[in-house]
Amino acid sequence: MASPIGYTSGGHSFNIYDDAEGEYNVAGCTDCHTSDEAIQLIEEFHPEIEALLAELGTLLEAAGIYNPAGTSGYAVKGDYPNKVAGAFWNWISIEEDRSLGVHNPKFVKRILEQSIASLQ
């Protein structure tokens, strides 16, 4: 774990971007990567992962399991087919990790793509 920057990145959070400071906290990455290399990898994968999360979120909302405006959380109680519940589990796990797949981007991308395909 990296030392935290403020309250939103590093520490016990997997979030690597601090909105308040407007910078990446790549201290936890520099055992294996240079700071510049870590930021390049982040900037390479994050837009694609964000787009896939948004697409899957739209499909989950259409399936009725996800309510982005929910006041008690995102999940909508109910009985859902396994593929819908599984896709929601994949989405929420990646969404709440807040690293946008930085720890294993190829795996995260594949899970999102397969979840999207299962709902189409």
# chains A, B, ... in the order shown; residues from 1 in each chain; ligands from 1

$ select_by_dssp --residues "chain A" --states "helix (DSSP H, G or I)" --output "PyMOL selection string"
chain A and resi 35-63+82-97+105-119

$ residues_around --residues "Ser35 in chain A" --least-positions-apart "5" --cutoff "12 Å" --atoms "only C-alpha atoms" --output "number ranges by chain"
A: 23-30, 40-42

$ atom_distance --atom1 "CA of Glu96 in chain A" --atom2 "CA of Ile39 in chain A"
20.6 Å

$ closest_residue --among "A:Ser93, A:Thr71, A:Thr34, A:Ser99" --to "Glu50 in chain A" --atoms "only C-alpha atoms"
A:Ser99

$ residues_around --residues "Glu113 in chain A" --least-positions-apart "3" --cutoff "12 Å" --atoms "only C-alpha atoms" --output "NGL selection string"
:A and (48-49 or 51-56 or 87 or 90-91 or 106-110 or 116-120)

$ write_last_selection --atoms "N, CA and C atoms" --output "compact mmCIF listing (two decimals), in the first residue's frame"
# COMPACT_ATOMS: atom_id res chain seq x y z
N GLU A 48 -10.56 3.07 -21.35
CA GLU A 48 -11.25 1.89 -21.85
C GLU A 48 -12.05 1.21 -20.73
N ILE A 49 -11.47 1.09 -19.56
CA ILE A 49 -12.17 0.48 -18.43
C ILE A 49 -13.36 1.33 -18.02
N ALA A 51 -15.14 3.27 -19.94
CA ALA A 51 -16.17 3.10 -20.96
C ALA A 51 -16.89 1.76 -20.80
N LEU A 52 -16.15 0.70 -20.51
CA LEU A 52 -16.76 -0.61 -20.31
C LEU A 52 -17.63 -0.63 -19.06
N LEU A 53 -17.18 0.00 -17.99
CA LEU A 53 -18.01 0.10 -16.77
C LEU A 53 -19.31 0.84 -17.06
N ALA A 54 -19.22 1.92 -17.81
CA ALA A 54 -20.42 2.70 -18.15
C ALA A 54 -21.37 1.87 -19.00
N GLU A 55 -20.84 1.16 -19.98
CA GLU A 55 -21.69 0.33 -20.85
C GLU A 55 -22.37 -0.78 -20.05
N LEU A 56 -21.62 -1.44 -19.19
CA LEU A 56 -22.21 -2.50 -18.36
C LEU A 56 -23.22 -1.90 -17.39
N ALA A 87 -23.19 -10.48 -13.51
CA ALA A 87 -22.69 -9.28 -14.19
C ALA A 87 -22.69 -8.10 -13.21
N ASN A 90 -19.73 -8.51 -10.88
CA ASN A 90 -18.49 -8.11 -11.56
C ASN A 90 -18.40 -6.59 -11.63
N TRP A 91 -19.50 -5.94 -12.00
CA TRP A 91 -19.50 -4.48 -12.14
C TRP A 91 -19.21 -3.81 -10.80
N LYS A 106 -5.84 -6.38 -17.92
CA LYS A 106 -6.31 -7.31 -18.95
C LYS A 106 -7.42 -8.20 -18.42
N PHE A 107 -7.29 -8.65 -17.18
CA PHE A 107 -8.31 -9.47 -16.55
C PHE A 107 -9.60 -8.67 -16.35
N VAL A 108 -9.48 -7.46 -15.83
CA VAL A 108 -10.64 -6.61 -15.59
C VAL A 108 -11.36 -6.30 -16.90
N LYS A 109 -10.60 -5.98 -17.92
CA LYS A 109 -11.21 -5.70 -19.23
C LYS A 109 -11.98 -6.91 -19.73
N ARG A 110 -11.41 -8.09 -19.62
CA ARG A 110 -12.05 -9.31 -20.10
C ARG A 110 -13.33 -9.62 -19.32
N ILE A 116 -20.73 -7.83 -20.35
CA ILE A 116 -21.52 -7.07 -21.35
C ILE A 116 -22.11 -8.05 -22.37
N ALA A 117 -21.28 -8.95 -22.88
CA ALA A 117 -21.74 -9.92 -23.89
C ALA A 117 -22.87 -10.80 -23.33
N SER A 118 -22.78 -11.16 -22.06
CA SER A 118 -23.80 -12.04 -21.48
C SER A 118 -25.15 -11.33 -21.35
N LEU A 119 -25.15 -10.00 -21.28
CA LEU A 119 -26.39 -9.26 -21.14
C LEU A 119 -26.96 -8.75 -22.46
N GLN A 120 -26.21 -8.89 -23.52
CA GLN A 120 -26.70 -8.39 -24.82
C GLN A 120 -27.51 -9.42 -25.54
